[in-house]
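Visitor: Below is the structure I would like to discuss, written out as structure tokens.
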Amino acid sequence: MQPGLELASAMWAMAALSLVLVALRLYTRIRIVQFVGVEDYMYTCTGIFLLCFAIFIQVAVHHGLGQSFWQLDVDDASNAIFWTYVANSFAITGNAMAKLSMGLFLLRVVQVRWHKIALWAAILVTTATSTALTIMLWNQTTPVKASWDVLRTPGTWNIKIQPMSVGLGVWSSICDFFFAVFPWLFIRSLPMSRREKFVLAGGMSLGVIAGVCGITRTIVLSRLNVFNYTLNFVPYFAWAGAEIAVAMVCIGIPTLRPLYLKTRGLTGAHQSNRDRGSNTEELPRFTQYGKITSPMSSPRSSMPSHRLIECNVSRPVAAYVEAPRDSVDEILSEYENQHAGVILVRNEFKLQEEAANWPLRN
């Protein structure tokens, strides 16, 4: 099969897989978790950009991508290069969006200041370098058209884009490995079972595969001969699309945990939240836990006692609604009981709404 057709077929398969993951993630976030964050929108945009990348690669193949540049007529050679520029713009931006989606997701979890600083630094550098490379891609020559219509439009080359692309590829691979290793820094502090910690961190660490794809893409790009662009650059575009698709798989799998629990008939924290939020007329129940010792006269008797206090409140408190759980809470779902072996006292308060003076009434 012609290299161009193989490339187009592979890109369509990767785009289809990514769109399936986007649909599953949106279903999980909207229907099950009932929370959609910025990282979810970024993930969706990444899938759309990968689809656009596949579309424009197909257009470029139609004009001669995958064939020798010197065997194409002038119009087809010019159009093939132009549409690869368009496709590459979506690839560069989509790759950055995949990194941003992972970075924004991790920002919801971390609490240590230097963790947040490191994540924001990676996000900002990735955004800046990707934006700069996309701008440089379209401004390599004067006039601009000379960069893709090389046989008919004379011009001056202002920028050598290939070394810049290699540099971005190196940084992209570093980010993939950084986001893959980073969860292990904080996952141990989460109140989860050891098995769940390994499953969650392992799912996030699949980004190592995306990093390997990025390294391969960078090595391929550094060795390409631009004088037969339409044929020699086919492997580069293949690895560029593969890096985005693999990143989407690695980012998407951990967020589908609530859907997995639902298919197994298990309930998570999202179910209790939805049940509580569905009845707007029912007041929340405040539960307070603490440890007390029964004040008995005997010094040897220090058995804990259980108290239940019910009281009617004449007016509602100023704030009573539990904050909605974000994406991290829903992904982590059920925690193991960290109070095993500790006797707790439960003080339960019932709040009664007074219609006349209820300040939070809609």
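Chain identifiers are assigned as A, B, and so on, following the order in which chains appear in the structure tokens; residues are numbered from 1 within each chain, and ligands are numbered from 1 in order of appearance.
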Tell me, which residues of segment 79-187 of chain A carry DSSP alpha helix (DSSP H), written as an MDAnalysis selection string?

Guide: chainID A and resid 79:107 113:137 161:181 183:186

Visitor: Please identify all polymer residues within 8 Å of segment 134-146 of chain A, counting only C-alpha atoms, omitting same-chain residues fewer than 4 positions from it, and present them as a ChimeraX atom specification.

Guide: /A:85,89,92-93,130,150,152-161

Visitor: Atoms to include: C-alpha atoms. Write the selected residues as a PDB file, in the first residue's frame.

Guide:
ATOM      1  CA  TYR A  85       1.205  22.689   7.297  1.00  0.00           C
ATOM      2  CA  SER A  89      -0.713  23.171  13.153  1.00  0.00           C
ATOM      3  CA  ILE A  92       1.188  20.892  17.553  1.00  0.00           C
ATOM      4  CA  THR A  93      -1.799  22.517  19.260  1.00  0.00           C
ATOM      5  CA  SER A 130       3.635  25.355  21.092  1.00  0.00           C
ATOM      6  CA  VAL A 150       8.889  26.415  -3.465  1.00  0.00           C
ATOM      7  CA  ARG A 152       7.046  28.863  -8.337  1.00  0.00           C
ATOM      8  CA  THR A 153       7.348  31.486  -5.596  1.00  0.00           C
ATOM      9  CA  PRO A 154      10.824  32.894  -4.930  1.00  0.00           C
ATOM     10  CA  GLY A 155      11.479  34.073  -1.410  1.00  0.00           C
ATOM     11  CA  THR A 156      13.855  34.353   1.514  1.00  0.00           C
ATOM     12  CA  TRP A 157      14.009  31.796   4.313  1.00  0.00           C
ATOM     13  CA  ASN A 158      13.969  33.535   7.676  1.00  0.00           C
ATOM     14  CA  ILE A 159      13.658  30.621  10.111  1.00  0.00           C
ATOM     15  CA  LYS A 160      14.972  27.070  10.158  1.00  0.00           C
ATOM     16  CA  ILE A 161      11.886  25.357  11.518  1.00  0.00           C
TER      17      ILE A 161
END

Visitor: Rounded to one decimal, what separation in Å do you get between atom CA of Ala180 of chain A and atom CA of Pro254 of chain A?

Guide: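 Separation between atom CA of Ala180 of chain A and atom CA of Pro254 of chain A: 12.4 Å.
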
Visitor: Would you mind listing what lies within 7 Å of Cys213 of chain A as a list of chain:residue names, with only C-alpha atoms counted and same-chain residues fewer than 2 positions away left out?

Guide: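 After dropping sequence-adjacent residues, the list is A:Ile209, A:Ala210, A:Gly211, A:Ile215, A:Thr216, A:Arg217, A:Trp239, A:Ala242, A:Glu243.
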
Visitor: Might you pull out every residue within 12 Å of Thr263 of chain A, with only C-alpha atoms counted and same-chain residues fewer than 5 positions away left off, and present them as a list in words?

Guide: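 Neighbouring residues, sequence-local ones excluded: Thr28, Ile32, Leu256, Arg257, Pro258 and Gly268 of chain A.
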
Visitor: Give me a file of those residues, with N, CA, C and O atoms, as a PDB file, in the first residue's frame.

Guide:
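Output below, filename selection-v7.pdb:
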ATOM      1  N   THR A  28     -19.435  10.081  31.371  1.00  0.00           N
ATOM      2  CA  THR A  28     -19.104   9.867  32.781  1.00  0.00           C
ATOM      3  C   THR A  28     -19.216  11.155  33.568  1.00  0.00           C
ATOM      4  O   THR A  28     -19.782  11.182  34.667  1.00  0.00           O
ATOM      5  N   ILE A  32     -22.887  10.632  35.232  1.00  0.00           N
ATOM      6  CA  ILE A  32     -22.569   9.906  36.456  1.00  0.00           C
ATOM      7  C   ILE A  32     -22.008  10.853  37.515  1.00  0.00           C
ATOM      8  O   ILE A  32     -22.526  10.951  38.616  1.00  0.00           O
ATOM      9  N   LEU A 256     -12.349   7.339  33.717  1.00  0.00           N
ATOM     10  CA  LEU A 256     -13.513   6.492  33.461  1.00  0.00           C
ATOM     11  C   LEU A 256     -13.805   5.535  34.613  1.00  0.00           C
ATOM     12  O   LEU A 256     -14.645   4.651  34.477  1.00  0.00           O
ATOM     13  N   ARG A 257     -13.140   5.725  35.742  1.00  0.00           N
ATOM     14  CA  ARG A 257     -13.345   4.818  36.869  1.00  0.00           C
ATOM     15  C   ARG A 257     -14.784   4.822  37.386  1.00  0.00           C
ATOM     16  O   ARG A 257     -15.332   3.763  37.687  1.00  0.00           O
ATOM     17  N   PRO A 258     -15.455   5.986  37.504  1.00  0.00           N
ATOM     18  CA  PRO A 258     -16.859   5.944  37.927  1.00  0.00           C
ATOM     19  C   PRO A 258     -17.746   5.148  36.978  1.00  0.00           C
ATOM     20  O   PRO A 258     -18.668   4.458  37.420  1.00  0.00           O
ATOM     21  N   GLY A 268     -20.529   4.790  44.080  1.00  0.00           N
ATOM     22  CA  GLY A 268     -19.429   5.617  44.550  1.00  0.00           C
ATOM     23  C   GLY A 268     -19.950   6.857  45.218  1.00  0.00           C
ATOM     24  O   GLY A 268     -21.129   7.019  45.489  1.00  0.00           O
TER      25      GLY A 268
END

Visitor: Among segment 46-267 of chain A, which ones does DSSP assign to strand (DSSP E) (computed from the backbone)? Answer as a list in words.

Guide: Thr141, Thr142, Thr156 and Trp157 of chain A

Visitor: Find the residue from A:Phe69, A:Tyr43, A:Leu26, A:Phe49 that sits nearest to Asn232 of chain A; use only C-alpha atoms when measuring.

Guide: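 Checking each of A:Phe69, A:Tyr43, A:Leu26, A:Phe49 against Asn232 of chain A, counting only C-alpha atoms, the winner is A:Phe69.
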
Visitor: Give me the residues within 12 Å of Val59 of chain A as a list in words, counting only C-alpha atoms and dropping any in the same chain fewer than 5 places off.

Guide: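 Contacts, in chain order: Gly4, Leu5, Leu7, Ala8, Cys52, Phe53, Ala54, Gly64, Leu65, Gly66, Asp76, Asn79, Ala80, Ile81, Phe82, Trp83, Thr84, Tyr85, Val86 and Ala87 of chain A.
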
Visitor: Given only C-alpha atoms as the basis, pick out the residue of A:Ile48, A:Val38, A:Val212, A:Ala77 nearest to Asn228 of chain A.

Guide: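 Checking each candidate against Asn228 of chain A, we get A:Ala77 as the closest.
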